[in-house]
Amino acid sequence: MADSTRTTAPFSLDAYLERIGWEGARRPDAATLGGVQLAHLRAVPFENLDALGGRAPSLDLADLTAKLVHGRRRGGYCYEHNTLFAAALEALGVRVTRLTARVVLGADRFEDRPRTHMALLAELPGDPRPYLVDVGFGALGSLLAPVPLVADTEFHDAGRRHRLVHAPQRGPLETWVLQAHAADGWQAQYAFTVEPFEPADYEVINWHVATNPRSPFSRRPYVQRLAPDAHLLLDGDRLTVAHTADGTVTERKLSDEAEARRVLAEEFGIDAPEGLTLLGD
């Protein structure tokens, strides 16, 4: 299992903001929160290549900075993205609560899904509403902007539609469900409570998701990139591009390992590690 110790290396907000291309204000307000979230999503791809190679990625902040900020040609999955994002928000003066969620997209029963996703709750000075923020949900229904923690209200975020609703609760805390609007109506994405989780909790979940042979992240490449005009997804050997302007979706199958590496480099801005087999047999 990954070591749960943490380094004391300082977090460089300057380097992080340069990496995501944010040149706006550095205030702990809603405009900055939303701007930095969208900039992060467009700059740093979602990918599971460490897990595909049989290794749980480090969640140490110094390691994350080296990989996602200074590395430039790599990305990460939810624990990496949101751990880094949380550090940036705290450096901006935002109070952050780290959450875990059940990914319930396509599930018949929420209880059948474990809590394996990391999300964040952000609180801004002088604003009574906390915001759900998330830069690490690897799905087309992911948030592109902060969503106030308010039930039954639709929000439009950079061309997508989301809302939060309540689900029946079995414990003392309210269960919230993030829903995204699709062609066939509202679809539940993930369910969560506002109970705070600690770095040691994510070390365990991260190790399980990365190394469990039944985890989809340990068996095939799953890579996404948000472009201004499209959402790109590589799932195994299938490349899907959802175009923002007209809603059209194109899909094609990659032919071999060489093409997979070329697509990662050219379409996603990712250099796959040497020796990693992307497509398997």
# chains A, B, ... in the order shown; residues from 1 in each chain; ligands from 1
call {"tool": "residues_around", "arguments": {"residues": "Thr97 in chain A", "least_positions_apart": "2", "cutoff": "7 Å", "atoms": "only C-alpha atoms", "output": "list in words"}}
result
Arg95, Leu99, Leu120, Leu121, Ala122 and Pro196 of chain A
call {"tool": "write_last_selection", "arguments": {"atoms": "C-alpha atoms", "output": "PDB file, in the first residue's frame"}}
result
ATOM      1  CA  ARG A  95     -11.811  26.657   3.054  1.00  0.00           C
ATOM      2  CA  LEU A  99     -15.410  14.377   0.468  1.00  0.00           C
ATOM      3  CA  LEU A 120     -14.535  18.844  -2.644  1.00  0.00           C
ATOM      4  CA  LEU A 121     -16.723  21.288  -0.772  1.00  0.00           C
ATOM      5  CA  ALA A 122     -15.490  24.894  -0.964  1.00  0.00           C
ATOM      6  CA  PRO A 196     -14.978  15.193   5.856  1.00  0.00           C
TER       7      PRO A 196
END
call {"tool": "select_by_dssp", "arguments": {"residues": "range 21-239 of chain A", "states": "strand (DSSP E)", "output": "number ranges by chain"}}
result
A: 95-103, 115-123, 131-133, 147-148, 154-157, 160-167, 175-182, 185-192, 222-227, 230-235, 238-239
call {"tool": "residues_around", "arguments": {"residues": "range 114-118 of chain A", "least_positions_apart": "4", "cutoff": "10 Å", "atoms": "only C-alpha atoms", "output": "PyMOL selection string"}}
result
chain A and resi 77-83+98-104+110+134-138+190-192+197+202+204-206+208-209
call {"tool": "closest_residue", "arguments": {"among": "A:Gln224, A:Thr153, A:Thr32, A:Thr244", "to": "Pro45 in chain A", "atoms": "only C-alpha atoms"}}
result
A:Gln224
call {"tool": "closest_residue", "arguments": {"among": "A:Ala210, A:Val194, A:Ala151, A:Leu276", "to": "Pro172 in chain A", "atoms": "only C-alpha atoms"}}
result
A:Val194
call {"tool": "select_by_dssp", "arguments": {"residues": "range 82-132 of chain A", "states": "alpha helix (DSSP H)", "output": "PyMOL selection string"}}
result
chain A and resi 82-91
call {"tool": "closest_residue", "arguments": {"among": "A:Pro130, A:Gly93, A:Pro10, A:Gly21", "to": "Asp60 in chain A", "atoms": "only C-alpha atoms"}}
result
A:Pro10
call {"tool": "closest_atom_pairs", "arguments": {"of": "range 215-269 of chain A", "to": "range 140-143 of chain A", "cutoff": "9 Å", "atoms": "only C-alpha atoms", "output": "Markdown table"}}
result
| residue | atom | partner | partner_atom | distance |
| --- | --- | --- | --- | --- |
| A:His231 | CA | A:Leu140 | CA | 7.3 |
| A:Leu233 | CA | A:Leu140 | CA | 8.7 |
| A:Ala242 | CA | A:Leu140 | CA | 8.7 |
call {"tool": "write_last_selection", "arguments": {"atoms": "C-alpha atoms", "output": "compact mmCIF listing (two decimals), in the first residue's frame"}}
result
# COMPACT_ATOMS: atom_id res chain seq x y z
CA HIS A 231 -14.78 16.41 -24.89
CA LEU A 233 -12.40 10.18 -24.31
CA ALA A 242 -18.24 14.75 -28.28
call {"tool": "closest_residue", "arguments": {"among": "A:Leu52, A:Ala43, A:Ala272, A:Ala183", "to": "Ser218 in chain A", "atoms": "only C-alpha atoms"}}
result
A:Leu52
call {"tool": "residues_around", "arguments": {"residues": "Ala56 in chain A", "least_positions_apart": "5", "cutoff": "7 Å", "atoms": "only C-alpha atoms", "output": "PyMOL selection string"}}
result
chain A and resi 2+50-51+206-207+210-211
call {"tool": "residues_around", "arguments": {"residues": "Arg19 in chain A", "least_positions_apart": "6", "cutoff": "8 Å", "atoms": "only C-alpha atoms", "output": "PDB file with N, CA, C and O atoms, in the first residue's frame"}}
result
ATOM      1  N   ALA A  43      -6.638  22.282 -18.800  1.00  0.00           N
ATOM      2  CA  ALA A  43      -5.183  22.197 -18.905  1.00  0.00           C
ATOM      3  C   ALA A  43      -4.623  20.830 -18.548  1.00  0.00           C
ATOM      4  O   ALA A  43      -3.621  20.397 -19.134  1.00  0.00           O
ATOM      5  N   VAL A  69       2.055  19.375 -12.414  1.00  0.00           N
ATOM      6  CA  VAL A  69       2.389  20.784 -12.629  1.00  0.00           C
ATOM      7  C   VAL A  69       3.657  20.923 -13.456  1.00  0.00           C
ATOM      8  O   VAL A  69       3.658  21.530 -14.533  1.00  0.00           O
ATOM      9  N   HIS A  70       4.749  20.350 -12.984  1.00  0.00           N
ATOM     10  CA  HIS A  70       6.020  20.494 -13.686  1.00  0.00           C
ATOM     11  C   HIS A  70       6.179  19.467 -14.802  1.00  0.00           C
ATOM     12  O   HIS A  70       6.916  19.711 -15.765  1.00  0.00           O
ATOM     13  N   ARG A  72       3.947  18.449 -17.013  1.00  0.00           N
ATOM     14  CA  ARG A  72       3.315  19.004 -18.214  1.00  0.00           C
ATOM     15  C   ARG A  72       2.677  17.952 -19.122  1.00  0.00           C
ATOM     16  O   ARG A  72       1.586  18.152 -19.621  1.00  0.00           O
TER      17      ARG A  72
END
call {"tool": "atom_distance", "arguments": {"atom1": "CA of Arg55 in chain A", "atom2": "CA of Arg74 in chain A"}}
result
15.2 Å
call {"tool": "closest_residue", "arguments": {"among": "A:Leu59, A:Leu144, A:Leu13, A:Ala158", "to": "Asp201 in chain A", "atoms": "only C-alpha atoms"}}
result
A:Leu59
call {"tool": "atom_distance", "arguments": {"atom1": "CA of Phe11 in chain A", "atom2": "CA of Ala88 in chain A"}}
result
7.9 Å
call {"tool": "atom_distance", "arguments": {"atom1": "CA of Glu203 in chain A", "atom2": "CA of Ser58 in chain A"}}
result
8.5 Å
call {"tool": "closest_residue", "arguments": {"among": "A:Gly76, A:His243, A:Leu49, A:Leu89", "to": "Arg27 in chain A", "atoms": "only C-alpha atoms"}}
result
A:Leu89
call {"tool": "decode", "arguments": {"residues": "range 37-64 of chain A", "atoms": "C-alpha atoms", "output": "short mmCIF file (atom, residue, chain, number, x, y, z; two decimals), in the first residue's frame"}}
result
data_model
loop_
_atom_site.label_atom_id
_atom_site.label_comp_id
_atom_site.auth_asym_id
_atom_site.auth_seq_id
_atom_site.Cartn_x
_atom_site.Cartn_y
_atom_site.Cartn_z
CA GLN A 37 -11.77 25.21 -11.86
CA LEU A 38 -12.43 25.50 -15.59
CA ALA A 39 -8.81 26.40 -16.33
CA HIS A 40 -7.62 23.30 -14.47
CA LEU A 41 -10.05 21.07 -16.35
CA ARG A 42 -8.89 22.38 -19.72
CA ALA A 43 -5.18 22.20 -18.90
CA VAL A 44 -4.65 18.91 -17.06
CA PRO A 45 -6.02 15.69 -18.59
CA PHE A 46 -7.67 12.84 -16.71
CA GLU A 47 -5.73 9.58 -17.02
CA ASN A 48 -5.09 6.30 -15.22
CA LEU A 49 -1.77 5.21 -16.71
CA ASP A 50 -0.07 4.61 -13.34
CA ALA A 51 -2.87 2.26 -12.30
CA LEU A 52 -2.79 0.56 -15.71
CA GLY A 53 0.87 -0.12 -15.06
CA GLY A 54 0.04 -1.79 -11.74
CA ARG A 55 1.02 1.07 -9.44
CA ALA A 56 -1.01 3.29 -7.14
CA PRO A 57 -0.02 6.90 -7.91
CA SER A 58 1.46 8.92 -5.08
CA LEU A 59 -0.84 11.45 -3.43
CA ASP A 60 2.05 13.27 -1.80
CA LEU A 61 1.67 16.92 -2.76
CA ALA A 62 5.30 17.24 -3.83
CA ASP A 63 4.91 14.21 -6.10
CA LEU A 64 1.65 15.54 -7.52
#
